[in-house]
Amino acid sequence: MGPPFMRKLRLWRVETTHVAGYTAPLFYVFTEEKRREQAKAKAIEIAKSQSRLADFPQYTFTAHEV
């Protein structure tokens with residue numbers, strides 16, 4: 001992760017969407033990655049680890065910075 005002064009705390013809203021268009025409840029996730037792209041990938045990874053819907057391929061996870 002790097003030294004504390006290099007990290008940036010970010011809040012992400014991760015949405016779970018079915019291929020048919022309906023959505024599941026949101027996840028709010030904090031990350032401390034230095035780069036935005038890495039933080040976004042980490043937020044999706046954390047949300048997938050907390051959701052059983054990640055086991056089904058018809059659900060996609062998208063992250064938006066709050």
# chains A, B, ... in the order shown; residues from 1 in each chain; ligands from 1
>>> select_by_dssp(residues="chain A", states="helix (DSSP H, G or I)", output="number ranges by chain")
A: 4-6, 36-50, 52-55
>>> residues_around(residues="Thr60 of chain A", least_positions_apart="3", cutoff="9 Å", atoms="only C-alpha atoms", output="list in words")
Glu15, Thr16, Thr17, His18, Val19, Leu53, Ala54 and Pro57 of chain A
>>> residues_around(residues="Val14 of chain A", least_positions_apart="3", cutoff="9 Å", atoms="only C-alpha atoms", output="list in words")
Leu26, Phe27, Tyr28, Val29, Ala43, Ile44, Ala47, Phe61, Thr62, Ala63, His64 and Glu65 of chain A
>>> closest_residue(among="A:Val66, A:Trp12, A:Gln50, A:Arg7", to="Glu33 of chain A", atoms="only C-alpha atoms")
A:Arg7
>>> decode(residues="chain A", atoms="C-alpha atoms", output="short mmCIF file (atom, residue, chain, number, x, y, z; two decimals), in the first residue's frame")
data_model
loop_
_atom_site.label_atom_id
_atom_site.label_comp_id
_atom_site.auth_asym_id
_atom_site.auth_seq_id
_atom_site.Cartn_x
_atom_site.Cartn_y
_atom_site.Cartn_z
CA MET A 1 0.00 0.00 0.00
CA GLY A 2 2.77 2.44 0.72
CA PRO A 3 3.41 5.04 3.38
CA PRO A 4 0.40 6.73 5.00
CA PHE A 5 1.06 10.08 3.33
CA MET A 6 0.85 8.42 -0.12
CA ARG A 7 -2.56 6.79 0.48
CA LYS A 8 -5.91 8.35 -0.27
CA LEU A 9 -9.08 7.27 1.48
CA ARG A 10 -11.89 6.87 -1.06
CA LEU A 11 -15.54 5.93 -0.64
CA TRP A 12 -17.10 3.82 -3.40
CA ARG A 13 -20.70 2.89 -4.15
CA VAL A 14 -20.69 -0.56 -5.73
CA GLU A 15 -23.82 -1.49 -7.66
CA THR A 16 -24.84 -5.04 -8.50
CA THR A 17 -26.86 -5.36 -11.70
CA HIS A 18 -28.51 -8.39 -13.30
CA VAL A 19 -28.35 -8.85 -17.09
CA ALA A 20 -32.14 -8.28 -17.19
CA GLY A 21 -31.58 -4.79 -15.74
CA TYR A 22 -32.76 -5.05 -12.15
CA THR A 23 -30.43 -4.09 -9.34
CA ALA A 24 -29.53 -5.61 -6.00
CA PRO A 25 -28.77 -3.62 -2.82
CA LEU A 26 -25.73 -1.34 -2.94
CA PHE A 27 -22.44 -1.76 -1.12
CA TYR A 28 -20.48 1.19 0.24
CA VAL A 29 -16.78 0.41 0.45
CA PHE A 30 -13.71 2.37 1.63
CA THR A 31 -10.36 1.88 -0.09
CA GLU A 32 -6.90 3.34 0.57
CA GLU A 33 -5.15 2.65 -2.72
CA LYS A 34 -2.87 5.30 -4.21
CA ARG A 35 -4.20 5.18 -7.78
CA ARG A 36 -7.87 5.57 -8.68
CA GLU A 37 -7.94 2.57 -11.04
CA GLN A 38 -6.45 0.30 -8.39
CA ALA A 39 -8.88 1.63 -5.78
CA LYS A 40 -11.84 0.95 -8.08
CA ALA A 41 -10.72 -2.64 -8.71
CA LYS A 42 -10.18 -3.15 -4.97
CA ALA A 43 -13.68 -1.79 -4.18
CA ILE A 44 -15.25 -4.26 -6.61
CA GLU A 45 -13.16 -7.08 -5.17
CA ILE A 46 -14.27 -6.24 -1.61
CA ALA A 47 -17.93 -6.02 -2.63
CA LYS A 48 -17.73 -9.37 -4.43
CA SER A 49 -16.20 -10.98 -1.36
CA GLN A 50 -19.16 -9.74 0.73
CA SER A 51 -21.89 -10.75 -1.72
CA ARG A 52 -23.19 -14.19 -2.64
CA LEU A 53 -24.33 -12.76 -5.99
CA ALA A 54 -20.69 -12.86 -7.13
CA ASP A 55 -21.15 -16.64 -7.53
CA PHE A 56 -23.60 -16.08 -10.40
CA PRO A 57 -22.26 -14.94 -13.79
CA GLN A 58 -25.42 -13.00 -14.71
CA TYR A 59 -24.60 -10.29 -12.13
CA THR A 60 -22.09 -7.50 -12.77
CA PHE A 61 -20.48 -5.19 -10.25
CA THR A 62 -19.72 -1.56 -11.05
CA ALA A 63 -18.06 0.97 -8.73
CA HIS A 64 -18.67 4.71 -8.61
CA GLU A 65 -16.66 7.09 -6.45
CA VAL A 66 -18.80 9.00 -3.97
#
